[in-house]
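Asker: Sending over a structure as structure tokens; questions will come in a sec.
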Amino acid sequence: MTEYPTSQEGPQPVASGGGTDEAGHGKAPIAATEAVRTPAAGAGPSGDPGAAAAAAASDVRAARSAAGTGSGLPRPRGAAADVPAAAGSGPAGTGPGPGRSHDNARPRDPSDVVGAHGASARGAVTGPAPAGAGSGAADVRGTGGPAVPGGGSPEASAARREGDRLRFVGAATRRIARGIDLDEIVLGLCRATVPTFSDAILVYLRDPLPVGDERPVGPVVLRLRRTDRLRPIDDLTDISSTIGAGTDLAGAAGATGELDFSQLPLVGPQGDLPAAELCEIRPGGALAEVLRGVRPVFASSAGARAALPELLGVEHPLPRGNRAVLAPLRGRRRVIGAAVFLRSPERPAFEQNDLLVAAQLATHTALGIDKAVLYGREAYIADELQRTMLPDSLPQPTGVRLASRYLPAAETARVGGDWYDAIPLPGSRVALVVGDVMGHSMTSAAIMGQLRTTAQTLAQLDLPPAEVLHHLDEQAQRLGSDRMATCMYAVYDPVAHRITIANAGHPPPVLLHLGGRAEVLRVPPGAPIGVGGVDFEAVELDAPAGATLLLYTDGLVESRLRDVWTGIEQLRERLATTAQLTGLDHPPPLEALCDDVLDMLGPGDRDDDIALLAARFDGIAPSDVAYWFLDPEETAPGRARRFARRALTRWGLEELSDSLELLVSEVVTNAVRYAERPVTLRLLRTDVLRCEVGDDSPQLPRQRRARDTDEGGRGLFLVNRLARRWGATRLSSGKVVWFELPLPAPAERR
């Protein structure tokens with residue numbers, strides 16, 4: 001398969017006797033000043049001034065038309081400014097002329113206008129035109145005759161045109177390469193080619209676009225991704241008024257032999273598409289053969305005549321001859337779409353060298369689309385990886401309220417090694433974890449996911465915080481010698497109103513008290529996870545009701561503009577200020593507090609990922625807790641029923657006595673059977689009634705189906721049917737079996 005050279009590989013050969021303009025896009029226009037100074041052919045020997053002025057005005061309009069539409073380049077501003085003074089003040093000299101329709105074209109990117117002013121300067125001549133040359137515009141469109149006076153030899157003109165063509169290709173490919181996503185690349189192709197290279201363009205892409213080595217499993221479908229044109233019109237009725245009222249568009253095209261494509265909108269005001277929006281490529285069809293050939297082809301070629309109706313729809317009118325080019329868009333491994341370049345009859349048709357230009361544009365566009373698709377897939381995978389590594393939602397354990405935030409280092413790289421977690425523990429406790437793996441890449445995110453999973457497993461074993469960090473350190477060493485991370489692990493007990501914290505090289509937490517005082521907790525810093533051979537120390541601190549604990553990563557307090565301790569002090573002051581604004585008798589709202597903390601970040605403070613976890617301590621009042629120790633004896637179930645009945649009477653929940661006594665008896669009986677040390681029984685009254693029974697046996701109970709002849713084995717079946725929720729958790733010293741019962745409505749209480 002033959003590949004087309006890129007714009008950096010040198011100029012392409014110019015067809016012999018080619019009539020290309022200075023950008024390689026049709027016949028070269030003559031400047032307006034030359035048209036004025038050149039006597040009009042057929043003016044007669046008498047030299048009638050009126051006839052000469054009319055002929056000069058005609059030449060001016062022809063030159064304007066050639067400069068605006070014939071070459072494919074935008075008309076130079078300087079040349080247009082000189083035309084009225086030279087053309088005279090008559091009606092012929094002041095009218096817009098047929099070539100002035102391009103004046104309403106939207107402003108283009110400066111890099112897309114290549115050689116326009118140079119074309120005006122080089123086209124200006126001072127000597128008279130040869131006799132019998134006809135109009136001024138026709139004089140310069142001839143390519144096989146003698147050299148134009150003052151314009152140099154034909155070889156020099158061809159060299160200049162070839163240089164302009166290469167400059168246009170370079171500017172167009174640079175504009176296409178500026179795009180980073182799919183829409184930007186396709187838009188760059190459209191804006192670079194309209195109106196410089198074509199009057200209109202249609203870009204079709206495969207739907208869906210293949211990624212990498214993916215193979216299509218269904219039929220190949222092309223979807224119209226974008227269209228662009230030189231002169232859009234606002235209402236379809238303008239077409240009928242231009243062609244003729246009540247005239248069918250397709251019929252008008254056949255009657256005139258060639259439809260004025262510049263008057264046909266590619267997208268109508270109501271979204272109607274004269275071009276087909278979807279096209280299924282039939283295997284072995286004409287369109288499949290043209291796309292397989294990779295080379296751009298003229299619409300007049302045999303293959304394109306059958307392929308274009310298949311692509312655009314049989315009812316879509318097209319200019320005849322070489323006014324349309326079909327260019328396949330081929331990526332690295334397969335054809336991913338097609339582009340159709342169109343020129344109106346007001347402009348010279350495409351030439352052979354224009355196929356090389358179309359090939360360059362199509363190649364750069366296809367490769368850019370390939371890169372955009374691969375980048376989009378990589379960004380999608382990174383986003384999904386990061387999303388699955390972080391919790392979708394935080395649990396709502398008893399006695400504490402939680403809020404969190406995560407900000408990536410950059411929108412273009414939404415992955416990193418920061419994480420946070422909240423893990424419910426037995427006894428209504430909760431573990432709060434915040435960690436930070438070095439770097440913010442997919443590797444860091446993968447390591448973070450492994451450490452987070454390890455921390456969750458260790459937390460379910462109810463290990464002390466220092467032991468959890470020790471095992472995380474061992475896991476990091478198994479992952480690699482350079483796997484470093486910092487971590488803060490805290491366990492909050494709402495019954496005891498205490499919190500136990502262990503630190504592994506992480507910034508210290510900040511505790512915001514109810515009165516508005518913000519305190520940086522003094523926690524032993526410890527060594528980062530992954531160092532190995534170090535011990536971690538835990539401290540136990542008071543956690544008063546109404547206080548807020550803030551755990552965060554270093555991205556919140558450290559940047560290139562400030563050190564970590566300066567950032568911690570700013571964070572402490574920000575929390576104190578926010579608490580004073582909401583009053584000293586109640587804490588600030590938790591979600592608003594997180595947002596206010598992130599607002600302290602300045603423009604240069606986003607060097608790293610940011611993970612933030614805020615915990616508001618509500619605690620459980622001692623009056624809502626009942627706790628007993630039961631010796632592992634046969635009388636233990638009966639004592640447990642009496643204790644539970646007394647607690648319900650004190651709380652005014654006698655309606656739950658029957659259900660609670662039955663379930664407590666079953667769970668305590670199972671615990672006494674295997675326990676060697678005293679069994680614990682605890683009742684907690686919050687938004688639900690929670691019962692916890694602990695023993696020293698590590699074997700977890702399993703629900704099974706009892707046979708009709710069995711005398712036991714139905715205890716957990718009853719618990720599963722009557723309790724709202726139940727579960728069993730293994731501890732380092734045994735296990736805890738718990739269940740919850742919903743509280744009755746206030747109207748149902750006695």
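Identifiers in this document derive from the order of the structure tokens: chains are assigned A, B, ..., residues are numbered from 1 separately in each chain, and ligands are numbered from 1 in order of occurrence.
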Contacts of Val664 in chain A at 9 Å or less, counting only C-alpha atoms, minus same-chain residues fewer than 6 places along, as a PyMOL selection string?
Answerer: chain A and resi 637+640-641+644+681+691+693
Asker: Please report, as CSV, each residue of range 474-518 of chain A lying at most 12 Å from range 594-616 of chain A, together with the nearest pair of atoms and the separation in Å rounded to one decimal; use only C-alpha atoms, and order rows by chain and ascending residue number.
Answerer:
```
residue,atom,partner,partner_atom,distance
A:Cys487,CA,A:Ala611,CA,11.7
A:Met488,CA,A:Leu613,CA,11.0
A:Tyr489,CA,A:Leu613,CA,11.8
A:Ala490,CA,A:Ala615,CA,10.9
A:Val491,CA,A:Ala615,CA,11.3
A:Tyr492,CA,A:Ala615,CA,9.6
A:Pro494,CA,A:Arg616,CA,10.9
A:His497,CA,A:Arg616,CA,12.0
A:Ile499,CA,A:Ala615,CA,11.5
A:Pro507,CA,A:Leu612,CA,11.9
A:Pro509,CA,A:Ala614,CA,10.0
A:Val510,CA,A:Ala614,CA,9.8
A:Leu511,CA,A:Ala615,CA,9.6
A:Leu512,CA,A:Arg616,CA,9.3
A:His513,CA,A:Arg616,CA,10.0
A:Leu514,CA,A:Arg616,CA,10.2
```
Asker: As an NGL selection string, please: every residue in range 412-511 of chain A that DSSP puts in helix (DSSP H, G or I).
Answerer: :A and (426-428 or 442-460 or 465-479)
Asker: Selected residues, C-alpha atoms, written as a PDB file, in the first residue's frame, please.
Answerer:
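Wrote it out as part-v3.pdb, contents follow:
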```
ATOM      1  CA  PRO A 426     -17.668  -3.847  66.099  1.00  0.00           C
ATOM      2  CA  GLY A 427     -18.988  -2.021  69.117  1.00  0.00           C
ATOM      3  CA  SER A 428     -20.340   0.904  67.010  1.00  0.00           C
ATOM      4  CA  MET A 442      -1.820   4.995  37.251  1.00  0.00           C
ATOM      5  CA  THR A 443       0.913   3.051  39.057  1.00  0.00           C
ATOM      6  CA  SER A 444       0.357   5.124  42.179  1.00  0.00           C
ATOM      7  CA  ALA A 445      -3.385   4.556  41.916  1.00  0.00           C
ATOM      8  CA  ALA A 446      -2.874   0.790  41.587  1.00  0.00           C
ATOM      9  CA  ILE A 447      -0.610   0.686  44.664  1.00  0.00           C
ATOM     10  CA  MET A 448      -3.107   2.836  46.533  1.00  0.00           C
ATOM     11  CA  GLY A 449      -5.856   0.356  45.724  1.00  0.00           C
ATOM     12  CA  GLN A 450      -3.820  -2.538  47.134  1.00  0.00           C
ATOM     13  CA  LEU A 451      -2.972  -0.672  50.331  1.00  0.00           C
ATOM     14  CA  ARG A 452      -6.591   0.406  50.779  1.00  0.00           C
ATOM     15  CA  THR A 453      -7.793  -3.173  50.412  1.00  0.00           C
ATOM     16  CA  THR A 454      -5.174  -4.337  52.910  1.00  0.00           C
ATOM     17  CA  ALA A 455      -6.243  -1.635  55.393  1.00  0.00           C
ATOM     18  CA  GLN A 456      -9.882  -2.713  55.111  1.00  0.00           C
ATOM     19  CA  THR A 457      -8.974  -6.342  55.760  1.00  0.00           C
ATOM     20  CA  LEU A 458      -6.836  -5.446  58.781  1.00  0.00           C
ATOM     21  CA  ALA A 459      -9.573  -3.197  60.133  1.00  0.00           C
ATOM     22  CA  GLN A 460     -12.105  -6.026  60.022  1.00  0.00           C
ATOM     23  CA  PRO A 465      -4.035   1.167  64.860  1.00  0.00           C
ATOM     24  CA  ALA A 466      -0.300   0.657  65.386  1.00  0.00           C
ATOM     25  CA  GLU A 467      -0.604  -2.992  64.296  1.00  0.00           C
ATOM     26  CA  VAL A 468      -2.546  -1.971  61.190  1.00  0.00           C
ATOM     27  CA  LEU A 469       0.252   0.393  60.115  1.00  0.00           C
ATOM     28  CA  HIS A 470       2.857  -2.291  60.812  1.00  0.00           C
ATOM     29  CA  HIS A 471       1.111  -4.750  58.487  1.00  0.00           C
ATOM     30  CA  LEU A 472       0.639  -2.046  55.845  1.00  0.00           C
ATOM     31  CA  ASP A 473       4.376  -1.409  55.998  1.00  0.00           C
ATOM     32  CA  GLU A 474       5.069  -5.083  55.360  1.00  0.00           C
ATOM     33  CA  GLN A 475       2.624  -5.136  52.456  1.00  0.00           C
ATOM     34  CA  ALA A 476       4.282  -2.088  50.867  1.00  0.00           C
ATOM     35  CA  GLN A 477       7.671  -3.799  51.054  1.00  0.00           C
ATOM     36  CA  ARG A 478       6.251  -6.857  49.330  1.00  0.00           C
ATOM     37  CA  LEU A 479       4.957  -4.651  46.501  1.00  0.00           C
TER      38      LEU A 479
END
```
Asker: Which residue out of A:Ala485, A:Leu463, A:Val357, A:Ala621 has the minimum interatomic distance to Trp419 in chain A when only C-alpha atoms are used?
Answerer: A:Ala485
Asker: Within 10 Å of Val415 in chain A, counting only C-alpha atoms, which residues qualify if same-chain residues fewer than 2 places away don't, as a PyMOL selection string?
Answerer: chain A and resi 379+381-387+389+407-413+417-418+439-446+609
Asker: Give me, please, the distance in Å between CA of Pro508 in chain A and CA of Gln570 in chain A, quoted to one decimal.
Answerer: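 Value for the CA of Pro508 in chain A-CA of Gln570 in chain A distance: 13.5 Å.
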Asker: Which residue gives the smallest distance to Ser300 in chain A among A:Gly546, A:Gly435, A:Pro154, A:Gly321, with only C-alpha atoms counted?
Answerer: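 Distance minimum relative to Ser300 in chain A lands on A:Gly321.
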Asker: Could you name the residues that touch Ser657 in chain A at 12 Å or less, counting only C-alpha atoms, but leaving out those on the same chain fewer than 3 positions away, as number ranges by chain?
Answerer: A: 641-654, 660-665, 689, 741, 743-744
Asker: Okay, now the selection with N, CA and C atoms, as a PDB file, in the first residue's frame?
Answerer:
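The resulting part-v7.pdb:
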```
ATOM      1  N   ARG A 641     -32.036 -12.423  79.430  1.00  0.00           N
ATOM      2  CA  ARG A 641     -33.398 -11.981  79.131  1.00  0.00           C
ATOM      3  C   ARG A 641     -33.893 -10.988  80.172  1.00  0.00           C
ATOM      4  N   ARG A 642     -33.561 -11.234  81.437  1.00  0.00           N
ATOM      5  CA  ARG A 642     -34.006 -10.313  82.477  1.00  0.00           C
ATOM      6  C   ARG A 642     -33.322  -8.944  82.344  1.00  0.00           C
ATOM      7  N   PHE A 643     -32.018  -8.934  82.055  1.00  0.00           N
ATOM      8  CA  PHE A 643     -31.302  -7.668  81.881  1.00  0.00           C
ATOM      9  C   PHE A 643     -31.877  -6.867  80.699  1.00  0.00           C
ATOM     10  N   ALA A 644     -32.180  -7.564  79.613  1.00  0.00           N
ATOM     11  CA  ALA A 644     -32.717  -6.875  78.447  1.00  0.00           C
ATOM     12  C   ALA A 644     -34.099  -6.303  78.739  1.00  0.00           C
ATOM     13  N   ARG A 645     -34.914  -7.040  79.528  1.00  0.00           N
ATOM     14  CA  ARG A 645     -36.257  -6.542  79.844  1.00  0.00           C
ATOM     15  C   ARG A 645     -36.185  -5.288  80.705  1.00  0.00           C
ATOM     16  N   ARG A 646     -35.252  -5.257  81.639  1.00  0.00           N
ATOM     17  CA  ARG A 646     -35.112  -4.072  82.495  1.00  0.00           C
ATOM     18  C   ARG A 646     -34.681  -2.844  81.677  1.00  0.00           C
ATOM     19  N   ALA A 647     -33.747  -3.057  80.752  1.00  0.00           N
ATOM     20  CA  ALA A 647     -33.278  -1.923  79.943  1.00  0.00           C
ATOM     21  C   ALA A 647     -34.400  -1.364  79.070  1.00  0.00           C
ATOM     22  N   LEU A 648     -35.211  -2.241  78.487  1.00  0.00           N
ATOM     23  CA  LEU A 648     -36.318  -1.763  77.658  1.00  0.00           C
ATOM     24  C   LEU A 648     -37.349  -1.012  78.487  1.00  0.00           C
ATOM     25  N   THR A 649     -37.565  -1.464  79.730  1.00  0.00           N
ATOM     26  CA  THR A 649     -38.516  -0.754  80.595  1.00  0.00           C
ATOM     27  C   THR A 649     -37.990   0.635  80.921  1.00  0.00           C
ATOM     28  N   ARG A 650     -36.679   0.746  81.175  1.00  0.00           N
ATOM     29  CA  ARG A 650     -36.105   2.056  81.486  1.00  0.00           C
ATOM     30  C   ARG A 650     -36.190   3.004  80.294  1.00  0.00           C
ATOM     31  N   TRP A 651     -36.093   2.480  79.096  1.00  0.00           N
ATOM     32  CA  TRP A 651     -36.131   3.308  77.884  1.00  0.00           C
ATOM     33  C   TRP A 651     -37.546   3.491  77.325  1.00  0.00           C
ATOM     34  N   GLY A 652     -38.506   2.818  77.922  1.00  0.00           N
ATOM     35  CA  GLY A 652     -39.867   2.925  77.426  1.00  0.00           C
ATOM     36  C   GLY A 652     -40.085   2.193  76.111  1.00  0.00           C
ATOM     37  N   LEU A 653     -39.409   1.076  75.928  1.00  0.00           N
ATOM     38  CA  LEU A 653     -39.519   0.299  74.687  1.00  0.00           C
ATOM     39  C   LEU A 653     -40.065  -1.103  74.980  1.00  0.00           C
ATOM     40  N   GLU A 654     -41.092  -1.186  75.836  1.00  0.00           N
ATOM     41  CA  GLU A 654     -41.633  -2.505  76.187  1.00  0.00           C
ATOM     42  C   GLU A 654     -42.196  -3.242  74.981  1.00  0.00           C
ATOM     43  N   LEU A 660     -36.892  -8.992  71.455  1.00  0.00           N
ATOM     44  CA  LEU A 660     -35.530  -8.879  71.966  1.00  0.00           C
ATOM     45  C   LEU A 660     -35.177 -10.054  72.866  1.00  0.00           C
ATOM     46  N   GLU A 661     -36.074 -10.458  73.747  1.00  0.00           N
ATOM     47  CA  GLU A 661     -35.771 -11.566  74.656  1.00  0.00           C
ATOM     48  C   GLU A 661     -35.524 -12.852  73.873  1.00  0.00           C
ATOM     49  N   LEU A 662     -36.312 -13.100  72.829  1.00  0.00           N
ATOM     50  CA  LEU A 662     -36.125 -14.312  72.033  1.00  0.00           C
ATOM     51  C   LEU A 662     -34.772 -14.305  71.334  1.00  0.00           C
ATOM     52  N   LEU A 663     -34.418 -13.204  70.713  1.00  0.00           N
ATOM     53  CA  LEU A 663     -33.167 -13.147  69.963  1.00  0.00           C
ATOM     54  C   LEU A 663     -31.961 -13.145  70.900  1.00  0.00           C
ATOM     55  N   VAL A 664     -32.034 -12.420  72.015  1.00  0.00           N
ATOM     56  CA  VAL A 664     -30.930 -12.429  72.977  1.00  0.00           C
ATOM     57  C   VAL A 664     -30.720 -13.826  73.526  1.00  0.00           C
ATOM     58  N   SER A 665     -31.772 -14.549  73.819  1.00  0.00           N
ATOM     59  CA  SER A 665     -31.644 -15.909  74.349  1.00  0.00           C
ATOM     60  C   SER A 665     -30.947 -16.822  73.355  1.00  0.00           C
ATOM     61  N   LEU A 689     -32.322  -0.087  67.855  1.00  0.00           N
ATOM     62  CA  LEU A 689     -31.897  -0.811  69.050  1.00  0.00           C
ATOM     63  C   LEU A 689     -30.902  -1.875  68.610  1.00  0.00           C
ATOM     64  N   LEU A 741     -32.823  -3.999  65.845  1.00  0.00           N
ATOM     65  CA  LEU A 741     -34.275  -3.977  65.767  1.00  0.00           C
ATOM     66  C   LEU A 741     -34.720  -2.535  65.565  1.00  0.00           C
ATOM     67  N   LEU A 743     -36.822   0.828  66.037  1.00  0.00           N
ATOM     68  CA  LEU A 743     -37.558   1.394  67.158  1.00  0.00           C
ATOM     69  C   LEU A 743     -39.001   1.658  66.746  1.00  0.00           C
ATOM     70  N   PRO A 744     -39.946   1.475  67.657  1.00  0.00           N
ATOM     71  CA  PRO A 744     -41.349   1.780  67.317  1.00  0.00           C
ATOM     72  C   PRO A 744     -41.547   3.280  67.161  1.00  0.00           C
TER      73      PRO A 744
END
```
Asker: Quote the spacing between CA of Pro589 in chain A and CA of Val520 in chain A in Å to one decimal place.
Answerer: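 Between CA of Pro589 in chain A and CA of Val520 in chain A the gap is 20.2 Å.
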